[in-house]
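Text of coords22.cif (mmCIF, N, CA and C atoms and all ligand atoms) as supplied:
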data_data
loop_
_atom_site.label_atom_id
_atom_site.label_comp_id
_atom_site.auth_asym_id
_atom_site.auth_seq_id
_atom_site.Cartn_x
_atom_site.Cartn_y
_atom_site.Cartn_z
N MET A 1 114.18 101.32 74.98
CA MET A 1 114.12 99.92 75.43
C MET A 1 112.70 99.38 75.28
N ASN A 2 112.65 98.12 75.06
CA ASN A 2 111.37 97.43 74.93
C ASN A 2 110.54 97.57 76.22
N LEU A 3 109.34 98.04 76.07
CA LEU A 3 108.48 98.27 77.23
C LEU A 3 108.24 97.00 78.03
N LEU A 4 108.13 95.91 77.29
CA LEU A 4 107.86 94.63 77.95
C LEU A 4 109.02 94.24 78.86
N VAL A 5 110.24 94.51 78.38
CA VAL A 5 111.43 94.19 79.17
C VAL A 5 111.45 95.04 80.44
N VAL A 6 111.14 96.32 80.27
CA VAL A 6 111.10 97.23 81.43
C VAL A 6 110.07 96.73 82.43
N PHE A 7 108.92 96.41 81.92
CA PHE A 7 107.85 95.95 82.81
C PHE A 7 108.27 94.69 83.55
N PHE A 8 108.89 93.78 82.79
CA PHE A 8 109.30 92.52 83.40
C PHE A 8 110.35 92.75 84.49
N SER A 9 111.33 93.62 84.22
CA SER A 9 112.38 93.88 85.22
C SER A 9 111.78 94.51 86.46
N LEU A 10 110.86 95.43 86.27
CA LEU A 10 110.22 96.08 87.42
C LEU A 10 109.45 95.07 88.25
N SER A 11 108.73 94.19 87.59
CA SER A 11 107.95 93.20 88.32
C SER A 11 108.87 92.27 89.09
N LEU A 12 109.97 91.89 88.44
CA LEU A 12 110.91 90.97 89.08
C LEU A 12 111.49 91.63 90.32
N ALA A 13 111.87 92.92 90.18
CA ALA A 13 112.44 93.65 91.32
C ALA A 13 111.45 93.69 92.47
N ALA A 14 110.20 93.82 92.13
CA ALA A 14 109.18 93.92 93.17
C ALA A 14 108.87 92.57 93.80
N LEU A 15 109.34 91.51 93.18
CA LEU A 15 109.02 90.18 93.69
C LEU A 15 110.23 89.48 94.28
N ALA A 16 111.29 90.24 94.48
CA ALA A 16 112.51 89.62 94.98
C ALA A 16 113.01 90.35 96.21
N CYS A 17 113.94 89.70 96.90
CA CYS A 17 114.55 90.39 98.03
C CYS A 17 115.99 89.97 98.18
N ASP A 18 116.78 90.88 98.68
CA ASP A 18 118.16 90.62 99.05
C ASP A 18 118.43 91.58 100.20
N ILE A 19 118.35 91.06 101.40
CA ILE A 19 118.36 91.91 102.59
C ILE A 19 119.46 91.47 103.54
N LYS A 20 120.31 92.42 103.91
CA LYS A 20 121.34 92.14 104.92
C LYS A 20 120.72 92.35 106.29
N VAL A 21 120.68 91.28 107.03
CA VAL A 21 119.99 91.32 108.32
C VAL A 21 121.00 91.28 109.46
N THR A 22 120.77 92.10 110.46
CA THR A 22 121.54 92.02 111.71
C THR A 22 120.57 91.74 112.84
N LEU A 23 120.89 90.74 113.61
CA LEU A 23 120.09 90.42 114.80
C LEU A 23 120.86 90.90 116.02
N LYS A 24 120.23 91.82 116.77
CA LYS A 24 120.89 92.40 117.95
C LYS A 24 120.16 91.99 119.22
N PHE A 25 120.88 92.08 120.32
CA PHE A 25 120.31 91.65 121.60
C PHE A 25 120.41 92.80 122.59
N ASN A 26 119.35 93.01 123.34
CA ASN A 26 119.38 94.04 124.38
C ASN A 26 120.43 93.73 125.42
N GLN A 27 120.91 94.78 126.09
CA GLN A 27 121.90 94.62 127.16
C GLN A 27 121.37 93.78 128.31
N LYS A 28 120.13 94.06 128.70
CA LYS A 28 119.58 93.43 129.92
C LYS A 28 118.72 92.22 129.60
N ILE A 29 119.14 91.47 128.61
CA ILE A 29 118.34 90.36 128.13
C ILE A 29 118.40 89.19 129.12
N LYS A 30 117.32 88.42 129.17
CA LYS A 30 117.31 87.15 129.90
C LYS A 30 117.76 86.06 128.93
N SER A 31 118.37 85.01 129.45
CA SER A 31 118.88 83.95 128.59
C SER A 31 117.77 83.29 127.78
N GLY A 32 118.08 82.99 126.55
CA GLY A 32 117.08 82.36 125.71
C GLY A 32 117.64 81.99 124.35
N PHE A 33 116.74 81.70 123.45
CA PHE A 33 117.10 81.22 122.13
C PHE A 33 116.25 81.95 121.09
N ALA A 34 116.83 82.12 119.92
CA ALA A 34 116.08 82.78 118.85
C ALA A 34 116.34 82.07 117.54
N ARG A 35 115.33 82.05 116.71
CA ARG A 35 115.57 81.58 115.35
C ARG A 35 114.54 82.17 114.40
N PHE A 36 114.96 82.25 113.15
CA PHE A 36 114.08 82.77 112.10
C PHE A 36 113.41 81.63 111.37
N LYS A 37 112.16 81.86 111.03
CA LYS A 37 111.50 81.02 110.04
C LYS A 37 111.29 81.93 108.83
N PHE A 38 111.91 81.57 107.72
CA PHE A 38 111.89 82.44 106.56
C PHE A 38 110.63 82.23 105.72
N PHE A 39 110.45 83.16 104.80
CA PHE A 39 109.30 83.12 103.88
C PHE A 39 109.24 81.81 103.10
N ASN A 40 110.40 81.15 102.92
CA ASN A 40 110.40 79.89 102.17
C ASN A 40 110.15 78.68 103.10
N GLU A 41 109.72 78.98 104.32
CA GLU A 41 109.32 77.98 105.30
C GLU A 41 110.46 77.11 105.81
N THR A 42 111.70 77.57 105.63
CA THR A 42 112.81 76.87 106.27
C THR A 42 113.27 77.70 107.48
N TYR A 43 113.85 77.02 108.45
CA TYR A 43 114.36 77.68 109.65
C TYR A 43 115.82 78.03 109.48
N GLY A 44 116.21 79.17 110.04
CA GLY A 44 117.62 79.51 110.14
C GLY A 44 118.21 78.83 111.36
N PRO A 45 119.49 79.12 111.64
CA PRO A 45 120.13 78.51 112.81
C PRO A 45 119.53 79.03 114.12
N VAL A 46 119.74 78.27 115.18
CA VAL A 46 119.29 78.70 116.51
C VAL A 46 120.41 79.56 117.11
N TYR A 47 120.06 80.76 117.54
CA TYR A 47 121.00 81.63 118.23
C TYR A 47 120.70 81.58 119.72
N GLU A 48 121.72 81.29 120.50
CA GLU A 48 121.54 81.30 121.95
C GLU A 48 122.06 82.61 122.50
N TYR A 49 121.29 83.23 123.37
CA TYR A 49 121.76 84.46 124.02
C TYR A 49 121.70 84.28 125.52
N ARG A 50 122.64 84.96 126.23
CA ARG A 50 122.77 84.73 127.66
C ARG A 50 122.68 86.02 128.45
N GLU A 51 122.01 85.89 129.57
CA GLU A 51 121.90 87.02 130.49
C GLU A 51 123.28 87.40 131.01
N GLY A 52 123.58 88.67 131.04
CA GLY A 52 124.85 89.16 131.58
C GLY A 52 126.04 88.96 130.65
N ALA A 53 125.82 88.40 129.47
CA ALA A 53 126.91 88.18 128.52
C ALA A 53 126.89 89.26 127.45
N ASN A 54 128.01 89.37 126.75
CA ASN A 54 128.07 90.27 125.63
C ASN A 54 127.60 89.51 124.39
N ASN A 55 126.32 89.59 124.12
CA ASN A 55 125.76 88.84 122.99
C ASN A 55 126.01 89.59 121.69
N LEU A 56 126.92 89.07 120.92
CA LEU A 56 127.34 89.78 119.71
C LEU A 56 126.25 89.77 118.64
N PRO A 57 126.15 90.87 117.90
CA PRO A 57 125.19 90.90 116.79
C PRO A 57 125.47 89.81 115.78
N GLN A 58 124.44 89.25 115.23
CA GLN A 58 124.57 88.18 114.24
C GLN A 58 124.17 88.73 112.87
N HIS A 59 124.97 88.41 111.88
CA HIS A 59 124.72 88.94 110.54
C HIS A 59 124.39 87.80 109.57
N PHE A 60 123.42 88.00 108.75
CA PHE A 60 123.15 87.04 107.68
C PHE A 60 122.33 87.73 106.60
N ARG A 61 121.97 86.98 105.62
CA ARG A 61 121.31 87.55 104.46
C ARG A 61 120.03 86.80 104.16
N ILE A 62 119.01 87.53 103.84
CA ILE A 62 117.78 86.93 103.34
C ILE A 62 117.72 87.22 101.85
N LYS A 63 117.60 86.19 101.08
CA LYS A 63 117.67 86.38 99.64
C LYS A 63 116.70 85.42 98.97
N GLY A 64 116.00 85.90 97.97
CA GLY A 64 115.13 84.98 97.26
C GLY A 64 114.14 85.69 96.38
N LEU A 65 113.22 84.92 95.87
CA LEU A 65 112.14 85.45 95.05
C LEU A 65 110.82 85.29 95.81
N PHE A 66 109.89 86.15 95.49
CA PHE A 66 108.55 86.07 96.11
C PHE A 66 108.63 86.08 97.64
N CYS A 67 109.45 86.98 98.15
CA CYS A 67 109.72 86.98 99.59
C CYS A 67 108.51 87.36 100.42
N ASN A 68 107.58 88.09 99.85
CA ASN A 68 106.45 88.51 100.69
C ASN A 68 105.18 87.70 100.47
N MET A 69 105.35 86.52 99.89
CA MET A 69 104.19 85.63 99.77
C MET A 69 103.87 84.99 101.11
N LYS A 70 104.92 84.83 101.91
CA LYS A 70 104.78 84.24 103.25
C LYS A 70 105.51 85.15 104.23
N PRO A 71 105.11 85.13 105.49
CA PRO A 71 105.82 85.99 106.44
C PRO A 71 107.20 85.44 106.80
N THR A 72 108.09 86.34 107.16
CA THR A 72 109.34 85.96 107.80
C THR A 72 109.15 86.21 109.29
N ILE A 73 109.43 85.18 110.07
CA ILE A 73 109.08 85.21 111.49
C ILE A 73 110.34 85.05 112.34
N LEU A 74 110.49 85.90 113.34
CA LEU A 74 111.55 85.72 114.34
C LEU A 74 110.90 85.21 115.62
N GLU A 75 111.35 84.05 116.05
CA GLU A 75 110.78 83.41 117.25
C GLU A 75 111.80 83.44 118.38
N THR A 76 111.34 83.62 119.59
CA THR A 76 112.23 83.46 120.74
C THR A 76 111.68 82.39 121.67
N TYR A 77 112.60 81.73 122.34
CA TYR A 77 112.28 80.61 123.21
C TYR A 77 113.03 80.75 124.53
N GLU A 78 112.45 80.26 125.60
CA GLU A 78 113.19 80.13 126.86
C GLU A 78 113.86 78.77 126.92
N VAL A 79 113.31 77.82 126.16
CA VAL A 79 113.83 76.46 126.11
C VAL A 79 114.39 76.23 124.71
N ASP A 80 115.51 75.56 124.62
CA ASP A 80 116.15 75.31 123.33
C ASP A 80 115.17 74.61 122.37
N PRO A 81 114.85 75.24 121.24
CA PRO A 81 113.88 74.63 120.32
C PRO A 81 114.41 73.34 119.68
N ARG A 82 115.71 73.10 119.78
CA ARG A 82 116.27 71.85 119.24
C ARG A 82 116.00 70.69 120.17
N SER A 83 115.52 70.99 121.39
CA SER A 83 115.34 69.93 122.39
C SER A 83 114.01 69.21 122.27
N GLY A 84 113.22 69.54 121.27
CA GLY A 84 111.95 68.83 121.10
C GLY A 84 110.83 69.75 120.67
N ASP A 85 109.69 69.59 121.33
CA ASP A 85 108.52 70.31 120.85
C ASP A 85 108.30 71.64 121.61
N ALA A 86 109.36 72.39 121.82
CA ALA A 86 109.23 73.70 122.46
C ALA A 86 108.41 74.63 121.58
N LYS A 87 107.53 75.38 122.21
CA LYS A 87 106.75 76.38 121.49
C LYS A 87 107.42 77.74 121.66
N PRO A 88 107.38 78.57 120.63
CA PRO A 88 107.98 79.89 120.81
C PRO A 88 107.28 80.66 121.94
N ASN A 89 108.07 81.40 122.73
CA ASN A 89 107.47 82.24 123.75
C ASN A 89 106.98 83.55 123.13
N LYS A 90 107.77 84.10 122.22
CA LYS A 90 107.36 85.34 121.55
C LYS A 90 107.72 85.24 120.07
N THR A 91 106.95 85.92 119.25
CA THR A 91 107.28 85.97 117.82
C THR A 91 107.02 87.38 117.28
N THR A 92 107.70 87.68 116.20
CA THR A 92 107.32 88.87 115.44
C THR A 92 107.34 88.45 113.99
N GLN A 93 106.33 88.83 113.25
CA GLN A 93 106.32 88.43 111.85
C GLN A 93 105.96 89.58 110.93
N ALA A 94 106.55 89.51 109.74
CA ALA A 94 106.30 90.56 108.76
C ALA A 94 106.48 89.99 107.37
N PHE A 95 105.75 90.57 106.45
CA PHE A 95 105.92 90.22 105.04
C PHE A 95 106.91 91.22 104.46
N ILE A 96 108.10 90.76 104.12
CA ILE A 96 109.14 91.69 103.69
C ILE A 96 109.54 91.48 102.24
N GLU A 97 110.07 92.54 101.67
CA GLU A 97 110.38 92.56 100.24
C GLU A 97 111.40 93.66 100.00
N GLY A 98 112.24 93.50 98.99
CA GLY A 98 113.11 94.59 98.60
C GLY A 98 114.59 94.31 98.77
N PHE A 99 115.38 95.37 98.56
CA PHE A 99 116.83 95.27 98.58
C PHE A 99 117.34 96.27 99.60
N GLY A 100 117.89 95.79 100.68
CA GLY A 100 118.33 96.74 101.69
C GLY A 100 118.89 96.08 102.92
N VAL A 101 118.78 96.80 104.01
CA VAL A 101 119.28 96.30 105.29
C VAL A 101 118.19 96.40 106.34
N MET A 102 118.26 95.50 107.28
CA MET A 102 117.21 95.40 108.27
C MET A 102 117.82 94.95 109.60
N ASP A 103 117.44 95.60 110.67
CA ASP A 103 117.90 95.19 112.01
C ASP A 103 116.74 94.64 112.81
N TYR A 104 116.93 93.46 113.31
CA TYR A 104 116.00 92.89 114.27
C TYR A 104 116.64 93.00 115.65
N GLN A 105 115.83 93.14 116.66
CA GLN A 105 116.37 93.23 118.02
C GLN A 105 115.54 92.34 118.93
N ILE A 106 116.21 91.79 119.92
CA ILE A 106 115.48 91.05 120.96
C ILE A 106 115.55 91.84 122.25
N GLY A 107 114.39 92.17 122.75
CA GLY A 107 114.28 93.03 123.92
C GLY A 107 114.38 92.26 125.23
N ASP A 108 114.25 92.99 126.33
CA ASP A 108 114.44 92.45 127.68
C ASP A 108 113.68 91.15 127.93
N MET A 109 112.41 91.14 127.61
CA MET A 109 111.55 90.00 127.94
C MET A 109 111.38 89.05 126.75
N HIS A 110 112.47 88.80 126.03
CA HIS A 110 112.46 87.92 124.85
C HIS A 110 111.61 88.49 123.71
N THR A 111 111.28 89.77 123.80
CA THR A 111 110.39 90.35 122.80
C THR A 111 111.16 90.73 121.54
N PRO A 112 110.89 90.04 120.43
CA PRO A 112 111.59 90.38 119.20
C PRO A 112 110.86 91.50 118.45
N TYR A 113 111.63 92.36 117.82
CA TYR A 113 110.99 93.41 117.01
C TYR A 113 111.93 93.89 115.91
N VAL A 114 111.36 94.56 114.94
CA VAL A 114 112.15 95.16 113.87
C VAL A 114 112.63 96.52 114.37
N ALA A 115 113.96 96.66 114.51
CA ALA A 115 114.51 97.90 115.07
C ALA A 115 114.69 98.97 114.00
N SER A 116 115.06 98.57 112.81
CA SER A 116 115.19 99.53 111.73
C SER A 116 115.22 98.81 110.40
N LYS A 117 114.92 99.56 109.35
CA LYS A 117 115.02 98.99 108.01
C LYS A 117 115.25 100.10 107.00
N ILE A 118 116.04 99.77 105.98
CA ILE A 118 116.31 100.73 104.90
C ILE A 118 116.15 99.98 103.59
N GLY A 119 115.30 100.50 102.72
CA GLY A 119 115.11 99.87 101.41
C GLY A 119 114.29 98.60 101.45
N VAL A 120 113.71 98.32 102.59
CA VAL A 120 112.92 97.11 102.74
C VAL A 120 111.45 97.49 102.87
N PHE A 121 110.63 96.90 102.04
CA PHE A 121 109.20 97.13 102.13
C PHE A 121 108.63 96.09 103.08
N CYS A 122 107.79 96.53 103.95
CA CYS A 122 107.28 95.63 104.96
C CYS A 122 105.79 95.92 105.10
N GLY A 123 105.02 94.87 105.01
CA GLY A 123 103.59 95.09 105.14
C GLY A 123 102.93 93.96 105.90
N PHE A 124 101.73 94.18 106.35
CA PHE A 124 100.94 93.15 107.02
C PHE A 124 101.70 92.45 108.12
N GLY A 125 102.26 93.20 109.03
CA GLY A 125 102.98 92.56 110.11
C GLY A 125 103.50 93.57 111.09
N ASP A 126 104.43 93.10 111.93
CA ASP A 126 105.08 93.99 112.89
C ASP A 126 106.29 94.57 112.20
N CYS A 127 106.16 95.76 111.67
CA CYS A 127 107.20 96.31 110.82
C CYS A 127 108.08 97.31 111.54
N GLY A 128 108.00 97.38 112.83
CA GLY A 128 108.93 98.23 113.56
C GLY A 128 108.34 99.55 113.95
N VAL A 129 109.20 100.51 114.20
CA VAL A 129 108.92 101.88 114.60
C VAL A 129 108.35 101.97 116.02
N SER A 130 107.28 101.25 116.31
CA SER A 130 106.55 101.47 117.55
C SER A 130 107.35 101.11 118.81
N HIS A 131 108.36 100.24 118.69
CA HIS A 131 109.10 99.83 119.88
C HIS A 131 110.33 100.70 120.15
N GLY A 132 110.64 101.62 119.26
CA GLY A 132 111.76 102.53 119.46
C GLY A 132 113.13 101.90 119.29
C1 LIG B 201 115.27 80.03 102.57
O1 LIG B 201 115.62 81.39 102.71
C2 LIG B 201 116.74 81.64 103.54
C3 LIG B 201 116.91 83.14 103.63
O2 LIG B 201 117.05 83.73 102.37
C4 LIG B 201 117.96 80.94 102.98
O3 LIG B 201 119.06 81.14 103.84
C5 LIG B 201 117.70 79.45 102.82
O4 LIG B 201 118.79 78.83 102.21
C6 LIG B 201 116.44 79.22 102.00
N1 LIG B 201 116.11 77.81 101.97
C7 LIG B 201 115.83 77.15 100.84
C8 LIG B 201 115.51 75.71 101.00
O5 LIG B 201 115.81 77.72 99.76
C1 LIG B 202 108.01 79.94 127.62
O1 LIG B 202 107.73 78.68 127.05
C2 LIG B 202 107.96 77.58 127.94
C3 LIG B 202 107.62 76.31 127.18
O2 LIG B 202 108.15 76.29 125.90
C4 LIG B 202 107.12 77.70 129.18
O3 LIG B 202 107.45 76.68 130.07
C5 LIG B 202 107.36 79.06 129.83
O4 LIG B 202 106.49 79.23 130.91
C6 LIG B 202 107.16 80.19 128.84
N1 LIG B 202 107.47 81.45 129.47
C7 LIG B 202 106.69 82.51 129.36
C8 LIG B 202 107.17 83.76 130.04
O5 LIG B 202 105.65 82.49 128.72
#
Could I get this structure in the form of structure tokens?
Ligand SMILES: *[C@@H]1O[C@H](CO)[C@@H](O)[C@H](O)[C@H]1NC(C)=O
Ligand SMILES: *[C@@H]1O[C@H](CO)[C@@H](O)[C@H](O)[C@H]1NC(C)=O
Amino acid sequence: MNLLVVFFSLSLAALACDIKVTLKFNQKIKSGFARFKFFNETYGPVYEYREGANNLPQHFRIKGLFCNMKPTILETYEVDPRSGDAKPNKTTQAFIEGFGVMDYQIGDMHTPYVASKIGVFCGFGDCGVSHG
């Protein structure tokens, strides 16, 4: 095969992402709101979670090119961010890249973190592991 083609495909693979994301909620969570700000600077939907409720995992996909040029950020709020100029209470951000699956979790005190990842390269951010 043409070396240039190989090189180009490798570079493209390294500059793209297609990640199946699951957002999970701790059992003892306090009520709040969460939303993602993606690397392309658009926001995902607002997820509301409730104390004492069975907050079901949310599934979606992050897909695009040049995914790690900007961070992907998960923000949590005590006040609905759709209600105006609410500031996030907690955030976790990471520069992500690759093809795989990734679990984000929201902990007891609205603390978002990366719970696990497979096939996803993550750098310059909160990439998980430390929160267990
Ligand atoms: C930004 O990226 C997210 C996640 O891949 C995607 O759902 C959304 O449609 C993208 N927005 C634009 C404007 O491309
Ligand atoms: C969370 O943010 C709201 C304002 O958006 C603020 O009123 C509240 O005190 C914050 N809570 C914590 C625990 O920082």
Exercise. To one decimal in Å, tell me the separation between atom N of Tyr77 (chain A) and atom C7 of ligand LIG 201 (chain B).
Key: 22.2 Å
Quiz item: Among region 3-129 of chain A, which ones does DSSP place in strand (DSSP E or B), written as JSON, numbers by chain?
Solution: {"A": [16, 17, 18, 19, 20, 21, 22, 23, 24, 25, 32, 33, 34, 35, 36, 37, 43, 47, 48, 49, 58, 59, 60, 61, 62, 63, 64, 65, 72, 73, 74, 75, 76, 77, 90, 91, 92, 93, 94, 95, 96, 97, 98, 99, 100, 101, 102, 103, 104, 105, 106, 112, 113, 114, 115, 116, 117, 118, 119, 120, 121, 122, 123]}
Quiz item: Lys90 (chain A): which residues within 8 Å, counting only C-alpha atoms, same-chain residues fewer than 4 positions away excluded, as a ChimeraX atom specification?
Solution: /A:75-77,110-112
Please save N, CA and C atoms of the selected residues as a compact mmCIF listing (two decimals), in the coordinates of the input.
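Dumped to part-v6.txt:
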# COMPACT_ATOMS: atom_id res chain seq x y z
N GLU A 75 111.35 84.05 116.05
CA GLU A 75 110.78 83.41 117.25
C GLU A 75 111.80 83.44 118.38
N THR A 76 111.34 83.62 119.59
CA THR A 76 112.23 83.46 120.74
C THR A 76 111.68 82.39 121.67
N TYR A 77 112.60 81.73 122.34
CA TYR A 77 112.28 80.61 123.21
C TYR A 77 113.03 80.75 124.53
N HIS A 110 112.47 88.80 126.03
CA HIS A 110 112.46 87.92 124.85
C HIS A 110 111.61 88.49 123.71
N THR A 111 111.28 89.77 123.80
CA THR A 111 110.39 90.35 122.80
C THR A 111 111.16 90.73 121.54
N PRO A 112 110.89 90.04 120.43
CA PRO A 112 111.59 90.38 119.20
C PRO A 112 110.86 91.50 118.45
Quiz prompt | All residues having an atom within 5 Å of ligand LIG 202 (chain B) (all atoms listed in the file) as a ChimeraX atom specification | solution = /A:78,86-87,89
Quiz item: Using only C-alpha atoms and all ligand atoms, what are the residues with an atom within 8 Å of ligand LIG 201 (chain B), set out as a PyMOL selection string?
Solution: chain A and resi 18+38-44+61-64
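Surrounding residues of (113.9, 99.3, 103.5) at most 8 Å away are Gly98, Phe99, Gly100, Val101, Met102, Lys117, Ile118, Gly119, Val120, Phe121 and Cys122 of chain A (based on only C-alpha atoms).
Closest approach to Arg82 (chain A) among A:Asn55, A:Gln105, A:Val46, A:Lys24: A:Val46, based on only N, CA and C atoms.
CA of Val79 (chain A) is positioned 11.9 Å from CA of Lys30 (chain A).
Distance check against Ala53 (chain A) using only C-alpha atoms: of A:Ile29, A:Ala34, A:Ile96, A:Met69, the minimum falls on A:Ile29.
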